[in-house]
$ cat my_file-v1.cif   # mmCIF, C-alpha atoms and all ligand atoms
data_run
loop_
_atom_site.group_PDB
_atom_site.id
_atom_site.type_symbol
_atom_site.label_atom_id
_atom_site.label_comp_id
_atom_site.auth_asym_id
_atom_site.auth_seq_id
_atom_site.Cartn_x
_atom_site.Cartn_y
_atom_site.Cartn_z
ATOM 1 C CA MET A 1 100.376 141.084 105.160
ATOM 2 C CA ARG A 2 98.206 140.501 108.267
ATOM 3 C CA LEU A 3 98.396 137.201 110.161
ATOM 4 C CA CYS A 4 95.508 137.094 112.656
ATOM 5 C CA SER A 5 96.437 133.615 113.972
ATOM 6 C CA HIS A 6 99.668 135.177 115.317
ATOM 7 C CA ASN A 7 98.147 138.625 115.982
ATOM 8 C CA THR A 8 100.773 140.336 113.857
ATOM 9 C CA ALA A 9 101.588 141.823 110.433
ATOM 10 C CA PHE A 10 104.671 141.340 108.225
ATOM 11 C CA CYS A 11 106.471 142.990 105.333
ATOM 12 C CA ARG A 12 107.493 140.662 102.475
ATOM 13 C CA GLU A 13 111.017 139.869 103.724
ATOM 14 C CA ASP A 14 109.932 139.300 107.317
ATOM 15 C CA PHE A 15 107.107 137.044 106.232
ATOM 16 C CA ILE A 16 109.415 134.906 104.090
ATOM 17 C CA ARG A 17 111.792 134.598 107.060
ATOM 18 C CA PHE A 18 108.908 133.772 109.434
ATOM 19 C CA PHE A 19 107.473 131.161 107.052
ATOM 20 C CA GLU A 20 110.797 129.436 106.402
ATOM 21 C CA ARG A 21 111.711 129.364 110.090
ATOM 22 C CA LYS A 22 108.366 127.740 110.870
ATOM 23 C CA VAL A 23 108.871 125.068 108.180
ATOM 24 C CA PHE A 24 112.381 124.356 109.505
ATOM 25 C CA ARG A 25 110.970 124.037 113.047
ATOM 26 C CA THR A 26 108.294 121.602 111.790
ATOM 27 C CA ILE A 27 110.926 119.460 110.012
ATOM 28 C CA GLU A 28 112.965 119.348 113.238
ATOM 29 C CA LYS A 29 110.006 118.831 115.603
ATOM 30 C CA PHE A 30 108.844 115.741 113.748
ATOM 31 C CA GLN A 31 112.396 114.669 112.731
ATOM 32 C CA MET A 32 111.309 114.437 109.103
ATOM 33 C CA PHE A 33 114.732 114.222 107.427
ATOM 34 C CA SER A 34 118.318 115.405 107.671
ATOM 35 C CA PRO A 35 120.368 117.653 105.337
ATOM 36 C CA GLN A 36 121.815 114.461 103.768
ATOM 37 C CA SER A 37 118.466 112.803 102.985
ATOM 38 C CA ARG A 38 117.461 112.206 99.375
ATOM 39 C CA ILE A 39 113.986 113.702 99.105
ATOM 40 C CA LEU A 40 111.365 113.157 96.416
ATOM 41 C CA VAL A 41 108.682 115.873 96.433
ATOM 42 C CA ALA A 42 105.319 114.919 94.932
ATOM 43 C CA VAL A 43 104.445 118.047 93.014
ATOM 44 C CA SER A 44 100.915 118.561 91.692
ATOM 45 C CA GLY A 45 101.379 121.995 90.122
ATOM 46 C CA GLY A 46 99.464 123.620 93.012
ATOM 47 C CA LYS A 47 100.941 126.296 95.284
ATOM 48 C CA ASP A 48 101.659 124.028 98.266
ATOM 49 C CA SER A 49 103.823 121.396 96.617
ATOM 50 C CA MET A 50 105.521 124.037 94.413
ATOM 51 C CA ALA A 51 106.293 126.108 97.517
ATOM 52 C CA LEU A 52 107.687 123.025 99.250
ATOM 53 C CA LEU A 53 109.936 122.061 96.344
ATOM 54 C CA HIS A 54 111.115 125.670 96.021
ATOM 55 C CA PHE A 55 111.811 125.948 99.767
ATOM 56 C CA LEU A 56 113.832 122.703 99.864
ATOM 57 C CA ARG A 57 115.912 123.625 96.818
ATOM 58 C CA LYS A 58 116.490 127.165 98.129
ATOM 59 C CA HIS A 59 117.945 125.669 101.316
ATOM 60 C CA ASP A 60 120.163 123.187 99.459
ATOM 61 C CA PHE A 61 118.354 119.969 100.276
ATOM 62 C CA ASN A 62 118.963 117.043 97.948
ATOM 63 C CA VAL A 63 115.623 117.112 96.169
ATOM 64 C CA ASP A 64 113.868 115.873 93.022
ATOM 65 C CA GLY A 65 110.239 116.298 91.987
ATOM 66 C CA TYR A 66 107.610 113.789 90.886
ATOM 67 C CA TYR A 67 104.536 114.650 88.817
ATOM 68 C CA LEU A 68 101.826 112.150 87.992
ATOM 69 C CA HIS A 69 99.714 113.002 84.950
ATOM 70 C CA LEU A 70 96.301 111.526 85.748
ATOM 71 C CA GLY A 71 94.646 112.357 82.430
ATOM 72 C CA LEU A 72 91.928 114.454 84.078
ATOM 73 C CA GLY A 73 91.474 116.627 80.988
ATOM 74 C CA GLU A 74 92.563 120.249 80.909
ATOM 75 C CA HIS A 75 93.333 120.330 84.635
ATOM 76 C CA SER A 76 96.105 117.724 84.311
ATOM 77 C CA ASP A 77 97.535 119.329 81.152
ATOM 78 C CA ARG A 78 97.632 122.780 82.722
ATOM 79 C CA SER A 79 99.227 121.431 85.919
ATOM 80 C CA LEU A 80 101.885 119.601 83.914
ATOM 81 C CA LYS A 81 102.749 122.813 82.029
ATOM 82 C CA LYS A 82 103.240 124.690 85.324
ATOM 83 C CA VAL A 83 105.446 121.906 86.671
ATOM 84 C CA GLU A 84 107.523 121.822 83.469
ATOM 85 C CA ARG A 85 107.957 125.592 83.541
ATOM 86 C CA PHE A 86 109.037 125.426 87.162
ATOM 87 C CA ARG A 87 111.466 122.603 86.329
ATOM 88 C CA ASP A 88 112.994 124.550 83.421
ATOM 89 C CA ARG A 89 113.442 127.687 85.527
ATOM 90 C CA SER A 90 114.793 125.983 88.648
ATOM 91 C CA GLY A 91 116.821 123.196 87.034
ATOM 92 C CA ILE A 92 115.298 120.693 89.501
ATOM 93 C CA HIS A 93 115.008 117.162 88.120
ATOM 94 C CA VAL A 94 111.298 116.246 87.908
ATOM 95 C CA ILE A 95 110.139 112.710 87.105
ATOM 96 C CA VAL A 96 106.925 112.740 85.063
ATOM 97 C CA GLU A 97 104.704 109.651 84.812
ATOM 98 C CA GLN A 98 101.346 109.005 83.160
ATOM 99 C CA SER A 99 98.810 106.895 85.025
ATOM 100 C CA SER A 100 97.472 105.695 81.649
ATOM 101 C CA ASP A 101 100.778 103.817 81.097
ATOM 102 C CA LEU A 102 99.715 101.539 83.941
ATOM 103 C CA LEU A 103 95.950 101.322 83.333
ATOM 104 C CA LYS A 104 96.037 101.660 79.526
ATOM 105 C CA MET A 105 93.175 104.176 79.828
ATOM 106 C CA ASP A 106 92.543 107.463 81.622
ATOM 107 C CA VAL A 107 91.243 107.646 85.191
ATOM 108 C CA ASN A 108 87.714 108.763 84.205
ATOM 109 C CA GLU A 109 87.297 105.782 81.921
ATOM 110 C CA ALA A 110 88.690 103.381 84.542
ATOM 111 C CA ALA A 111 86.366 104.790 87.219
ATOM 112 C CA ARG A 112 83.378 104.454 84.881
ATOM 113 C CA ARG A 113 84.180 100.833 84.081
ATOM 114 C CA LEU A 114 84.934 99.941 87.696
ATOM 115 C CA ARG A 115 81.813 101.841 88.885
ATOM 116 C CA ARG A 116 83.934 103.580 91.484
ATOM 117 C CA PRO A 117 84.277 107.311 92.304
ATOM 118 C CA VAL A 118 87.025 109.034 90.282
ATOM 119 C CA CYS A 119 88.647 110.274 93.514
ATOM 120 C CA ALA A 120 88.953 106.715 94.877
ATOM 121 C CA VAL A 121 90.657 105.413 91.702
ATOM 122 C CA CYS A 122 92.848 108.518 91.564
ATOM 123 C CA GLY A 123 93.854 108.169 95.245
ATOM 124 C CA SER A 124 94.865 104.501 94.854
ATOM 125 C CA LEU A 125 96.920 105.269 91.735
ATOM 126 C CA LYS A 126 98.663 108.240 93.345
ATOM 127 C CA ARG A 127 99.675 106.260 96.444
ATOM 128 C CA TYR A 128 100.829 103.282 94.376
ATOM 129 C CA LEU A 129 102.836 105.167 91.739
ATOM 130 C CA MET A 130 104.338 107.668 94.180
ATOM 131 C CA ASN A 131 105.525 104.840 96.433
ATOM 132 C CA ARG A 132 107.073 103.080 93.451
ATOM 133 C CA ALA A 133 108.800 106.232 92.206
ATOM 134 C CA ALA A 134 110.192 106.918 95.682
ATOM 135 C CA VAL A 135 111.964 103.592 96.266
ATOM 136 C CA LYS A 136 115.368 105.116 95.466
ATOM 137 C CA TYR A 137 114.833 108.004 97.914
ATOM 138 C CA ASP A 138 114.940 108.304 101.717
ATOM 139 C CA VAL A 139 111.641 110.182 101.972
ATOM 140 C CA LEU A 140 108.629 111.177 99.939
ATOM 141 C CA ALA A 141 107.416 114.686 100.800
ATOM 142 C CA THR A 142 103.949 115.998 99.955
ATOM 143 C CA GLY A 143 102.505 119.500 100.125
ATOM 144 C CA HIS A 144 99.591 118.723 102.502
ATOM 145 C CA ASN A 145 98.930 121.892 104.482
ATOM 146 C CA LEU A 146 97.262 122.800 107.777
ATOM 147 C CA ASP A 147 93.852 123.337 106.170
ATOM 148 C CA ASP A 148 93.952 119.927 104.433
ATOM 149 C CA GLU A 149 95.063 118.058 107.517
ATOM 150 C CA ALA A 150 92.787 119.850 110.003
ATOM 151 C CA ALA A 151 89.789 119.176 107.711
ATOM 152 C CA THR A 152 90.765 115.502 107.400
ATOM 153 C CA LEU A 153 91.084 115.149 111.166
ATOM 154 C CA PHE A 154 87.806 116.988 111.773
ATOM 155 C CA GLY A 155 85.937 114.745 109.301
ATOM 156 C CA ASN A 156 87.460 111.585 110.726
ATOM 157 C CA LEU A 157 86.591 112.619 114.284
ATOM 158 C CA LEU A 158 83.014 113.478 113.322
ATOM 159 C CA HIS A 159 82.555 109.967 111.964
ATOM 160 C CA TRP A 160 84.896 108.252 114.439
ATOM 161 C CA GLN A 161 86.996 106.717 111.675
ATOM 162 C CA THR A 162 89.487 105.388 114.214
ATOM 163 C CA GLY A 163 91.619 103.547 111.651
ATOM 164 C CA TYR A 164 92.138 106.744 109.624
ATOM 165 C CA ILE A 165 92.679 108.878 112.728
ATOM 166 C CA ARG A 166 95.328 106.462 113.918
ATOM 167 C CA ARG A 167 97.200 106.668 110.616
ATOM 168 C CA GLN A 168 97.083 110.459 110.294
ATOM 169 C CA SER A 169 100.425 112.029 111.191
ATOM 170 C CA ALA A 170 103.122 114.404 109.999
ATOM 171 C CA VAL A 171 105.429 111.429 109.367
ATOM 172 C CA LEU A 172 104.546 107.945 108.209
ATOM 173 C CA GLU A 173 107.454 105.627 108.947
ATOM 174 C CA GLU A 174 108.845 103.435 106.166
ATOM 175 C CA LYS A 175 107.629 99.866 105.996
ATOM 176 C CA GLY A 176 109.639 97.508 103.818
ATOM 177 C CA GLU A 177 109.635 99.057 100.360
ATOM 178 C CA LEU A 178 107.066 101.680 101.340
ATOM 179 C CA VAL A 179 109.170 104.790 101.737
ATOM 180 C CA ARG A 180 108.920 107.174 104.712
ATOM 181 C CA LYS A 181 106.398 109.951 104.034
ATOM 182 C CA VAL A 182 106.549 113.455 105.405
ATOM 183 C CA LYS A 183 104.393 116.597 105.288
ATOM 184 C CA PRO A 184 106.679 119.562 106.010
ATOM 185 C CA LEU A 185 103.892 122.148 105.444
ATOM 186 C CA VAL A 186 101.508 120.453 107.864
ATOM 187 C CA LEU A 187 101.436 123.481 110.193
ATOM 188 C CA MET A 188 101.333 126.126 107.435
ATOM 189 C CA SER A 189 97.862 127.383 106.497
ATOM 190 C CA GLU A 190 96.716 127.783 102.907
ATOM 191 C CA TYR A 191 96.756 131.525 103.500
ATOM 192 C CA GLU A 192 100.395 131.447 104.629
ATOM 193 C CA THR A 193 101.546 129.154 101.804
ATOM 194 C CA ALA A 194 99.685 131.212 99.193
ATOM 195 C CA HIS A 195 101.493 134.350 100.416
ATOM 196 C CA TYR A 196 104.858 132.589 100.473
ATOM 197 C CA ALA A 197 104.348 131.305 96.912
ATOM 198 C CA PHE A 198 103.296 134.788 95.773
ATOM 199 C CA PHE A 199 106.164 136.601 97.528
ATOM 200 C CA GLU A 200 108.658 134.118 96.073
ATOM 201 C CA GLY A 201 107.249 134.634 92.557
ATOM 202 C CA LEU A 202 106.071 131.044 92.054
ATOM 203 C CA ASP A 203 103.647 130.363 89.233
ATOM 204 C CA SER A 204 101.193 127.580 90.128
ATOM 205 C CA VAL A 205 97.749 126.333 89.058
ATOM 206 C CA THR A 206 95.006 128.045 90.995
ATOM 207 C CA ALA A 207 92.081 125.907 89.815
ATOM 208 C CA LYS A 208 91.225 122.898 91.960
ATOM 209 C CA CYS A 209 90.765 119.449 90.464
ATOM 210 C CA PRO A 210 87.280 119.470 88.813
ATOM 211 C CA TRP A 211 86.333 116.327 90.767
ATOM 212 C CA SER A 212 86.998 117.866 94.168
ATOM 213 C CA LYS A 213 84.231 120.481 93.884
ATOM 214 C CA ASN A 214 81.715 118.505 95.921
ATOM 215 C CA ALA A 215 84.201 116.954 98.278
ATOM 216 C CA THR A 216 82.991 116.948 101.876
ATOM 217 C CA SER A 217 86.426 118.229 102.914
ATOM 218 C CA ILE A 218 85.443 121.607 101.433
ATOM 219 C CA ARG A 219 82.555 121.765 103.923
ATOM 220 C CA TYR A 220 84.808 120.830 106.837
ATOM 221 C CA LYS A 221 87.271 123.510 105.742
ATOM 222 C CA ALA A 222 84.470 126.090 105.705
ATOM 223 C CA VAL A 223 83.446 125.213 109.287
ATOM 224 C CA LEU A 224 87.046 125.385 110.498
ATOM 225 C CA ASN A 225 87.599 128.690 108.681
ATOM 226 C CA ASP A 226 84.539 130.126 110.387
ATOM 227 C CA LEU A 227 85.948 129.101 113.779
ATOM 228 C CA GLU A 228 89.344 130.464 112.784
ATOM 229 C CA PHE A 229 87.788 133.807 111.840
ATOM 230 C CA ARG A 230 86.097 134.094 115.248
ATOM 231 C CA MET A 231 88.957 132.543 117.251
ATOM 232 C CA PRO A 232 92.274 133.062 115.409
ATOM 233 C CA GLY A 233 94.791 130.257 115.942
ATOM 234 C CA THR A 234 92.133 127.548 116.480
ATOM 235 C CA LYS A 235 93.026 125.524 113.391
ATOM 236 C CA GLU A 236 96.700 125.274 114.259
ATOM 237 C CA ARG A 237 96.027 124.456 117.933
ATOM 238 C CA PHE A 238 93.545 121.740 116.886
ATOM 239 C CA LEU A 239 95.941 119.967 114.519
ATOM 240 C CA LYS A 240 99.199 120.624 116.366
ATOM 241 C CA GLY A 241 97.713 119.269 119.601
ATOM 242 C CA PHE A 242 96.675 116.091 117.847
ATOM 243 C CA LEU A 243 99.978 115.585 116.005
ATOM 244 C CA THR A 244 101.949 116.145 119.191
ATOM 245 C CA GLU A 245 99.771 113.972 121.448
ATOM 246 C CA ARG A 246 98.808 111.209 119.041
ATOM 247 C CA GLU A 247 101.377 108.725 120.351
ATOM 248 C CA SER A 248 100.199 109.020 123.936
ATOM 249 C CA ILE A 249 96.597 108.778 122.751
ATOM 250 C CA PHE A 250 97.246 105.646 120.730
ATOM 251 C CA SER A 251 99.408 103.805 123.239
ATOM 252 C CA LEU A 252 96.118 103.521 125.172
ATOM 253 C CA SER A 253 94.305 102.203 122.146
ATOM 254 C CA ALA A 254 93.629 98.555 121.383
ATOM 255 C CA ASP A 255 93.627 99.362 117.654
ATOM 256 C CA ARG A 256 96.256 97.428 115.710
ATOM 257 C CA GLU A 257 97.980 98.247 112.426
ATOM 258 C CA PRO A 258 97.163 95.635 109.766
ATOM 259 C CA GLU A 259 100.012 93.308 108.765
ATOM 260 C CA LEU A 260 101.433 94.016 105.293
ATOM 261 C CA SER A 261 102.778 91.469 102.825
ATOM 262 C CA PRO A 262 103.902 91.727 99.159
ATOM 263 C CA CYS A 263 101.138 91.742 96.532
ATOM 264 C CA VAL A 264 101.131 88.320 94.828
ATOM 265 C CA SER A 265 101.066 90.010 91.456
ATOM 266 C CA CYS A 266 103.422 93.030 91.636
ATOM 267 C CA GLY A 267 105.195 92.844 95.010
ATOM 268 C CA TYR A 268 103.791 96.142 96.372
ATOM 269 C CA LEU A 269 103.129 95.895 100.128
ATOM 270 C CA THR A 270 99.448 95.411 100.913
ATOM 271 C CA SER A 271 97.145 94.229 103.681
ATOM 272 C CA ALA A 272 95.192 92.098 101.149
ATOM 273 C CA GLY A 273 96.799 89.286 99.093
ATOM 274 C CA THR A 274 96.553 91.329 95.896
ATOM 275 C CA CYS A 275 97.030 95.112 96.070
ATOM 276 C CA SER A 276 94.194 97.512 95.189
ATOM 277 C CA VAL A 277 95.802 98.607 91.903
ATOM 278 C CA CYS A 278 96.358 95.032 90.672
ATOM 279 C CA ARG A 279 92.764 94.203 91.646
ATOM 280 C CA MET A 280 91.649 97.244 89.660
ATOM 281 C CA ARG A 281 93.683 96.169 86.640
ATOM 282 C CA GLU A 282 92.277 92.635 86.776
ATOM 283 C CA ARG A 283 88.718 93.957 86.909
ATOM 284 C CA LEU A 284 89.421 96.345 84.020
ATOM 285 C CA LYS A 285 90.573 93.403 81.871
ATOM 286 C CA GLU A 286 87.188 91.762 82.505
ATOM 287 C CA THR A 287 85.141 94.838 81.497
HETATM 288 P P1 LIG A 301 95.729 116.511 97.098
HETATM 289 O O1 LIG A 301 95.471 115.130 97.566
HETATM 290 O O2 LIG A 301 95.364 116.764 95.671
HETATM 291 O O3 LIG A 301 95.249 117.559 98.056
HETATM 292 O O4 LIG A 301 97.314 116.663 97.104
HETATM 293 C C1 LIG A 301 98.073 116.499 98.257
HETATM 294 C C2 LIG A 301 99.528 116.402 97.870
HETATM 295 O O5 LIG A 301 99.729 115.238 97.050
HETATM 296 C C3 LIG A 301 100.044 117.567 97.031
HETATM 297 O O6 LIG A 301 100.475 118.636 97.829
HETATM 298 C C4 LIG A 301 101.186 116.924 96.293
HETATM 299 O O7 LIG A 301 102.335 116.847 97.107
HETATM 300 C C5 LIG A 301 100.686 115.511 96.046
HETATM 301 N N1 LIG A 301 100.023 115.385 94.708
HETATM 302 C C6 LIG A 301 98.716 115.527 94.423
HETATM 303 N N2 LIG A 301 98.481 115.305 93.117
HETATM 304 C C7 LIG A 301 99.669 114.991 92.551
HETATM 305 C C8 LIG A 301 100.091 114.644 91.227
HETATM 306 N N3 LIG A 301 99.236 114.561 90.217
HETATM 307 N N4 LIG A 301 101.404 114.381 91.029
HETATM 308 C C9 LIG A 301 102.281 114.450 92.046
HETATM 309 N N5 LIG A 301 101.932 114.770 93.320
HETATM 310 C C10 LIG A 301 100.659 115.037 93.574
HETATM 311 ZN ZN ZN A 302 99.943 94.680 93.038
#
$ encode --input "my_file-v1.cif" --output "structure tokens"
Amino acid sequence: MRLCSHNTAFCREDFIRFFERKVFRTIEKFQMFSPQSRILVAVSGGKDSMALLHFLRKHDFNVDGYYLHLGLGEHSDRSLKKVERFRDRSGIHVIVEQSSDLLKMDVNEAARRLRRPVCAVCGSLKRYLMNRAAVKYDVLATGHNLDDEAATLFGNLLHWQTGYIRRQSAVLEEKGELVRKVKPLVLMSEYETAHYAFFEGLDSVTAKCPWSKNATSIRYKAVLNDLEFRMPGTKERFLKGFLTERESIFSLSADREPELSPCVSCGYLTSAGTCSVCRMRERLKET
């Protein structure tokens, strides 16, 4: 395979070695976890989180998986099947939860009743349930890749969303019951992860969530990919520079993290008195 960002080409074995070394270096650079850490990997059925779970198990990390079934029709069912197949083949313990157990309805229905975008309801539920599932672990790892994170940063810079920019990092430290979060694939491009998953024989869902089709992040990714095509290595330099320098940038900033306290209803840490999921559930009872 050709890798323009590094001006080189690899055979299968060399690429796997290159990819794994780079992930190991990322874990060390950002001090994500140690060989003893208990790691919960949030696995969506897509290539990135599958590749991450596979990589960690292959290198003997203490790892379990977590899949959240969001009831988004065929997409969720197909993703669950891929995760179950992966679990059966690898023997990795995977926790499976249904968001409808909490809301008593699927996400589409909740979003309709709350008059909120599906992606907003889905995002709140994912954060909430993943944090809850991870309380018995040292870290929660997600499969966010270079393309995801560079597009997020680009979008946030375009609109000067300083609060979001401040919070974006490869590691989010634990806060009370909110477990430490890490993104070990943060410097691996979609192209690299797709090749790794393919070379390692992983079977993942290729279709994107049907609700993400119009997401603005797709437009930001297209702009960054155009730059990458003309100037290979741009995407990684853009994100890596930010992730490495963010502390020195923000020590100059007057921005402050909001104080968190337990939700009055469920105990989940929140910056409001009642957390967003409990507020959602209360409003759903009224509809
Ligand atoms: P996304 O926000 O869909 O781009 O996903 C980013 C990361 O969140 C994935 O790489 C997974 O680690 C995790 N994730 C997304 N959806 C799910 C899900 N339904 N269940 C478990 N983890 C998920
Ligand atoms: Zn709550």
$ resolve_selection --input "my_file-v1.cif" --expression "the PyMOL selection byres (((chain A and resi 25-34) around 12) and not hetatm)" --output "JSON, numbers by chain"
{"A": [18, 19, 20, 21, 22, 23, 24, 35, 36, 37, 38, 39, 40, 52, 56, 60, 61, 62, 63, 137, 138, 139, 140, 141, 142, 145, 146, 169, 170, 171, 172, 173, 174, 180, 181, 182, 183, 184, 185, 186, 187, 188, 240, 243, 244]}
$ atom_distance --input "my_file-v1.cif" --atom1 "atom N4 of ligand LIG 301 (chain A)" --atom2 "atom CA of His75 of chain A"
11.9 Å
$ atom_distance --input "my_file-v1.cif" --atom1 "atom CA of Val205 of chain A" --atom2 "atom CA of His54 of chain A"
15.1 Å
$ closest_atom_pairs --input "my_file-v1.cif" --of "chain A" --to "ligand ZN 302 (chain A)" --cutoff "12 Å" --atoms "all atoms listed in the file" --output "Markdown table"
| residue | atom | partner | partner_atom | distance |
| --- | --- | --- | --- | --- |
| A:Leu102 | CA | A:ZN302 | ZN | 11.4 |
| A:Ser124 | CA | A:ZN302 | ZN | 11.2 |
| A:Leu125 | CA | A:ZN302 | ZN | 11.1 |
| A:Tyr128 | CA | A:ZN302 | ZN | 8.8 |
| A:Leu129 | CA | A:ZN302 | ZN | 11.0 |
| A:Arg132 | CA | A:ZN302 | ZN | 11.0 |
| A:Ser261 | CA | A:ZN302 | ZN | 10.7 |
| A:Pro262 | CA | A:ZN302 | ZN | 7.9 |
| A:Cys263 | CA | A:ZN302 | ZN | 4.7 |
| A:Val264 | CA | A:ZN302 | ZN | 6.7 |
| A:Ser265 | CA | A:ZN302 | ZN | 5.1 |
| A:Cys266 | CA | A:ZN302 | ZN | 4.1 |
| A:Gly267 | CA | A:ZN302 | ZN | 5.9 |
| A:Tyr268 | CA | A:ZN302 | ZN | 5.3 |
| A:Leu269 | CA | A:ZN302 | ZN | 7.9 |
| A:Thr270 | CA | A:ZN302 | ZN | 7.9 |
| A:Ser271 | CA | A:ZN302 | ZN | 11.0 |
| A:Ala272 | CA | A:ZN302 | ZN | 9.7 |
| A:Gly273 | CA | A:ZN302 | ZN | 8.7 |
| A:Thr274 | CA | A:ZN302 | ZN | 5.6 |
| A:Cys275 | CA | A:ZN302 | ZN | 4.2 |
| A:Ser276 | CA | A:ZN302 | ZN | 6.8 |
| A:Val277 | CA | A:ZN302 | ZN | 5.8 |
| A:Cys278 | CA | A:ZN302 | ZN | 4.3 |
| A:Arg279 | CA | A:ZN302 | ZN | 7.3 |
| A:Met280 | CA | A:ZN302 | ZN | 9.3 |
| A:Arg281 | CA | A:ZN302 | ZN | 9.1 |
| A:Glu282 | CA | A:ZN302 | ZN | 10.1 |
$ resolve_selection --input "my_file-v1.cif" --expression "the PyMOL selection byres (((chain A and resi 191) around 10) and not hetatm)" --output "VMD selection string"
chain A and resid 3 145 to 147 188 to 190 192 to 196
$ atom_distance --input "my_file-v1.cif" --atom1 "atom CA of Ala42 of chain A" --atom2 "atom CA of Gly241 of chain A"
26.2 Å
$ residues_near_ligand --input "my_file-v1.cif" --ligand "ligand LIG 301 (chain A)" --cutoff "8 Å" --atoms "all atoms listed in the file" --output "PDB file with C-alpha atoms, keeping the file's coordinate frame"
ATOM      1  CA  VAL A  41     108.682 115.873  96.433  1.00  0.00           C
ATOM      2  CA  ALA A  42     105.319 114.919  94.932  1.00  0.00           C
ATOM      3  CA  VAL A  43     104.445 118.047  93.014  1.00  0.00           C
ATOM      4  CA  SER A  44     100.915 118.561  91.692  1.00  0.00           C
ATOM      5  CA  GLY A  45     101.379 121.995  90.122  1.00  0.00           C
ATOM      6  CA  GLY A  46      99.464 123.620  93.012  1.00  0.00           C
ATOM      7  CA  ASP A  48     101.659 124.028  98.266  1.00  0.00           C
ATOM      8  CA  SER A  49     103.823 121.396  96.617  1.00  0.00           C
ATOM      9  CA  TYR A  66     107.610 113.789  90.886  1.00  0.00           C
ATOM     10  CA  TYR A  67     104.536 114.650  88.817  1.00  0.00           C
ATOM     11  CA  LEU A  68     101.826 112.150  87.992  1.00  0.00           C
ATOM     12  CA  HIS A  69      99.714 113.002  84.950  1.00  0.00           C
ATOM     13  CA  LEU A  70      96.301 111.526  85.748  1.00  0.00           C
ATOM     14  CA  SER A  76      96.105 117.724  84.311  1.00  0.00           C
ATOM     15  CA  GLY A 123      93.854 108.169  95.245  1.00  0.00           C
ATOM     16  CA  LYS A 126      98.663 108.240  93.345  1.00  0.00           C
ATOM     17  CA  MET A 130     104.338 107.668  94.180  1.00  0.00           C
ATOM     18  CA  ALA A 141     107.416 114.686 100.800  1.00  0.00           C
ATOM     19  CA  THR A 142     103.949 115.998  99.955  1.00  0.00           C
ATOM     20  CA  GLY A 143     102.505 119.500 100.125  1.00  0.00           C
ATOM     21  CA  HIS A 144      99.591 118.723 102.502  1.00  0.00           C
ATOM     22  CA  ASN A 145      98.930 121.892 104.482  1.00  0.00           C
ATOM     23  CA  ASP A 148      93.952 119.927 104.433  1.00  0.00           C
ATOM     24  CA  CYS A 209      90.765 119.449  90.464  1.00  0.00           C
TER      25      CYS A 209
END
$ resolve_selection --input "my_file-v1.cif" --expression "the PyMOL selection byres (((chain A and resi 110-115) around 10) and not hetatm)" --output "number ranges by chain"
A: 100, 103-109, 116-122, 280-281, 283-284, 286-287
$ closest_residue --input "my_file-v1.cif" --among "A:Ser217, A:Thr234, A:Leu260, A:Arg167" --to "Arg246 of chain A" --atoms "all atoms listed in the file"
A:Arg167
$ closest_residue --input "my_file-v1.cif" --among "A:Leu53, A:Ala133, A:Ala150, A:Gly71" --to "Ala197 of chain A" --atoms "all atoms listed in the file"
A:Leu53
$ closest_residue --input "my_file-v1.cif" --among "A:Asp64, A:Glu236, A:Glu200, A:Glu257" --to "Phe15 of chain A" --atoms "all atoms listed in the file"
A:Glu200
$ closest_residue --input "my_file-v1.cif" --among "A:Lys235, A:Arg127, A:Lys285, A:Glu247" --to "His6 of chain A" --atoms "all atoms listed in the file"
A:Lys235
$ axis_aligned_box --input "my_file-v1.cif" --around "segment 67-85 of chain A" --padding-each-side "5 Å" --output "AutoDock Vina command-line options"
--center_x 99.7 --center_y 118.6 --center_z 84.9 --size_x 26.5 --size_y 24.1 --size_z 17.9
$ residues_around --input "my_file-v1.cif" --residues "Glu74 of chain A" --least-positions-apart "4" --cutoff "10 Å" --atoms "all atoms listed in the file" --output "list in words"
Arg78, Ser79, Leu80, Cys209 and Pro210 of chain A
